[in-house]
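J.: This is the structure I want to talk about, given as structure tokens.
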Amino acid sequence: MSAILPIGPAARIAGPYTATAGQTVFTFAFALLDAGDLTVETAPADDPDNWTPATYGTEWSIPTALPTVAGGSIVFALGRAAGTRVRIVGAAVIANTQDPLPGGRVESGPLNRFFDRATIWAQEARRDIGAALALLKTAANGWTPIEAVESYGERRVRKIVDWVGGLGAKPAINRYVGAAGLTANVAQAVDIRGAAGGGVKIVGTVAAVEDLPASGNVGDAWVVGENIYVWSSVTSSWTNLGPLMEGTLETSNHIGLTSVDIDARNIPAPVVNISTSGFASPGDGGGAQWRSVETEPAHPGKRPSLFGRWWELYNNVYTPQHFGVFDDPSMLIDQSARVKDWFDACVATGRAPHVERPLNVMVETPVSYAPVANAVPKYINLARLRIGSPSGGCIRFGSPSSAMYLATLHTPQIVRVGTTVWLPDERASMLSDDAGLILYNLISFRVHVGAIAGFTIGYALESSGGSFYSAYNTLTFSSTSDCRYHEVLRCTGSGGFVNENTFIGGRRGNYATVNALGNSYGTVITSSDAGYKGNNTNRWYSPCYELGAPASAEYRTPVLLDRTGVYNYWHLPRHETGKGPFGIADNGSGASSNGGCLNEVIYGYQAGAGADFYKGWHQRGGAFGNIARHPTSTPQPKWQSGPMVQKISASGGTTARIEAPYFFKANTAATPLAVAASSVAVRANARCVQIEGQNAVLIEVDTSNTKTWRLSGAFVANRGGRYFVQAFDAAGAVLSGTATDEWGTEPYVKGLSATTTLFGGGYQSSSDTPSAIIFTVRDEVASMHVGYHGGTNGCALVGFELEAFPGTYTSSIGVTTPLVHVSSTRRTASANPATSGVHGWYTLGEIIGSTSPTSGTPAGWIVSAGAALADAWAGSAAYAVAGRCVVNGGNVYKLRTPGTSASSGGPTGTGVAISDGTCEWDYVCPKAAFTALPNMP
């Protein structure tokens, strides 16, 4: 839009037009962003230069959709009298609507809108400055007098004390304003002081002279019909001064006329304006300005007149006291109806609700403030209002059937009065109206959420669907206390979403008074059955979660993703006290879907978070790929293969042999292999390892403590083959297909879209792809085989990387090797390898060369019993990486459970889970045996 708003010729003014009888429509031909950026003025035919602003929403409206580039029209509610002059003037509100978070992302739409507004400001400034310059050029010298009032006896006269703003010689000063012009003689000056008045004050009105009091005080006055009667001390009676002039009946506090009085007072018709000193009593804060109108106003700011007319409230801002709301610190009296009247009148007249001084108010019935979309005040501050409610549901901002744009809102403090009661922990409660505050369909708002306490839902940011959504908002936060769901983002109908909102700071916490009420969650993202499940890209910066950890609760968890939520992000949350993991992600179905997946948290401060907190996410119902990271100062655990061509010996026609920790699986076989079945199936060249067909290159990884992983590879010509993951339980049995538990049915490996029977059963991508994949394994998956197979078009693998997302601090990934490994290069030893060989796996018949073959010594050794060599077991040693192998008593053992070994003895026997101090070992095989080759000649 900015490209077609050049600064210069656009005058941004239409008219003045001269109306025909009954005319209602008048056009303008300049760009307009909001209705608030327009002023419409009228002047009567008999006084064409007396311009008066008309009121938007009641006197005129804009049928044209905004924003508009080409202009449009305004429509008066009532036809204009013939000869009425009308002009339409651009008067853009000067306000900063684009103030991004430092270091944050700037949305192009709002920024472009801000540039449009800046262009309009410049156009209007040029228009007004040009008009002022033209006036100066045509004025006679342009001198403006500076006047003072001077006393001359009982008289008051005007004196010229200076001149400003003109050109040329300054006129004479110290002159007085006389009847014939300026004069130096003060005696000839005009007296601007009127005759001394009677000093009367209007006490009230009566219907007839007979109703006047028997006596009065000097200065007392009563309105009788259309006449004024004053008390005369000379005649000791009431004297008629004649008809009351049309104008304003001003009352002061000592007179005591209040808003509730004016409909019962016989105020004569000539009085068109009244100032009251309070709503129900003088000084209660409800004093207001009222004007007499012929027809009943279409909003609650009105009172009937005894003369068949109406009094309409017309203060520039409406406060709750104008509608009878009063301060009730004990919150004992329901004022729902009065608060509703206040909100409804503000909406009807386009005024912002305004709170001048702190108020405590009881609201038993929910009330809504829902201005129409194009008439939302730019700034709404209700921070001084403290609202209490004895039941669920309190304040609702906005409407389920419309959207609101570009405003700043400070919400009230909202507390539950009496005993806190929560609805059951279920989806229906997350979607309920038992909330302190509901914000409907906000777009590009800045919201400060005031303190809220004691409801099932603290506050909800809602998209009601039907193309209405809540997005691009920035919310700063005070606190929510003692709520089951402190903060709920929800979509309740199709066609909407809650996306790309930013939440800054704020405490979401519970006190001991609600310990018996069970589960509680800090932030909830949910949806109705018809609602959007992908609510995404919302961001939380430094939120605080202090949810408590009572025995009555299974979960006091910072985050709950209920069937929805993708790519949301929490940065450095503060977490003190809780129960369960950082977040529960529930996809709600038995297959990978778009809910509860691929969200991320970077941990901040934790204290008393509970043992499960550091597991990061509990992912259920098919949810996967949710990441828990530690701050960037802590390295993220990664394992990298390096160049794969260095790990495989095959080149051209030789059989492929692979080094630890890699292994092959061929075709449908489940057995790990050290040698590829065919040199054609897996072979190395100068750039990569080529894997064809249903053959795989894999590693074995411990998954007992880490459940979310990222696998990525580098490939030649984008030939990525297919990802493959095979899952195993703690006993080494393959886990394939789906698992069923209390949360439903889901795969053992989540995030890979297809299952396969290859290699004994596993999970793979549904098509060949070079893209990285994030996946999650279920809790019972203790280890996995992970890597690539040839897929449909083959895999040209340069290298690959596995990244872990554990909840706990760790710097390594437990990569182990099945026991069928053989080295691709000839190994050597200086003596019998049984005592000097290299740790690793040895295949029957393998030749180990001598490092120093001399005459009379063996040329090498042949493996006579295929098995393994490893470091000798040590007592009282820390063994930290699962899968590590040791030799003890002629046997090889593989570490199952890390810990510290016993002081003596070590593992024995051929079983599994063999206890050794705090370690557990599994028997693998006997120690490898070697036979010497013939001696060198």
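In the structure tokens, the first chain shown is A, the next is B, and so on; residue numbers restart at 1 for each chain, and ligands run from 1 in the order shown.
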Could you give me, as number ranges by chain, the residues within 8 Å of A:Ala81, counting only C-alpha atoms and dropping anything in the same chain fewer than 6 positions from it?

T.: A: 19-23

J.: Can you write out the residues you just picked, keeping all heavy atoms, as an mmCIF file, in the first residue's frame?

T.:
```cif
data_model
loop_
_atom_site.group_PDB
_atom_site.id
_atom_site.type_symbol
_atom_site.label_atom_id
_atom_site.label_comp_id
_atom_site.auth_asym_id
_atom_site.auth_seq_id
_atom_site.Cartn_x
_atom_site.Cartn_y
_atom_site.Cartn_z
ATOM 1 N N ALA A 19 -25.097 20.071 0.724
ATOM 2 C CA ALA A 19 -26.042 18.953 0.684
ATOM 3 C C ALA A 19 -27.355 19.364 0.033
ATOM 4 O O ALA A 19 -27.817 20.498 0.187
ATOM 5 C CB ALA A 19 -26.307 18.436 2.093
ATOM 6 N N THR A 20 -27.932 18.392 -0.679
ATOM 7 C CA THR A 20 -29.316 18.531 -1.109
ATOM 8 C C THR A 20 -30.209 18.006 0.013
ATOM 9 O O THR A 20 -29.739 17.331 0.934
ATOM 10 C CB THR A 20 -29.568 17.738 -2.392
ATOM 11 O OG1 THR A 20 -29.265 16.357 -2.140
ATOM 12 C CG2 THR A 20 -28.675 18.234 -3.521
ATOM 13 N N ALA A 21 -31.472 18.301 -0.037
ATOM 14 C CA ALA A 21 -32.392 17.892 1.039
ATOM 15 C C ALA A 21 -32.398 16.367 1.180
ATOM 16 O O ALA A 21 -32.630 15.655 0.212
ATOM 17 C CB ALA A 21 -33.797 18.410 0.756
ATOM 18 N N GLY A 22 -32.091 15.889 2.379
ATOM 19 C CA GLY A 22 -32.121 14.454 2.658
ATOM 20 C C GLY A 22 -30.879 13.704 2.233
ATOM 21 O O GLY A 22 -30.810 12.480 2.397
ATOM 22 N N GLN A 23 -29.870 14.383 1.673
ATOM 23 C CA GLN A 23 -28.670 13.672 1.213
ATOM 24 C C GLN A 23 -27.935 13.043 2.396
ATOM 25 O O GLN A 23 -27.749 13.672 3.435
ATOM 26 C CB GLN A 23 -27.739 14.625 0.464
ATOM 27 C CG GLN A 23 -26.503 13.939 -0.104
ATOM 28 C CD GLN A 23 -25.634 14.885 -0.917
ATOM 29 O OE1 GLN A 23 -26.022 16.037 -1.187
ATOM 30 N NE2 GLN A 23 -24.453 14.430 -1.317
#
```

J.: Check the smallest atom-to-atom distance from each of A:His789, A:Asn718, A:Arg563, A:Ile192 to A:Ala666 using only C-alpha atoms, then report the winner.

T.: A:His789

J.: Please identify the strand (DSSP E) residues within stretch 297-454 of chain A (assignment by DSSP from backbone atoms) and present them as number ranges by chain.

T.: A: 302-304, 310-313, 359-362, 367-369, 379-381, 385-389, 395-397, 404-405, 408-410, 413-416, 435-440, 442-443, 446-449, 452-453

J.: Nearest to A:Leu517: which of A:Leu560, A:Val786, A:Leu423, A:Val488 is it, counting only C-alpha atoms?

T.: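 For A:Leu517, the nearest of the candidates is A:Leu423.
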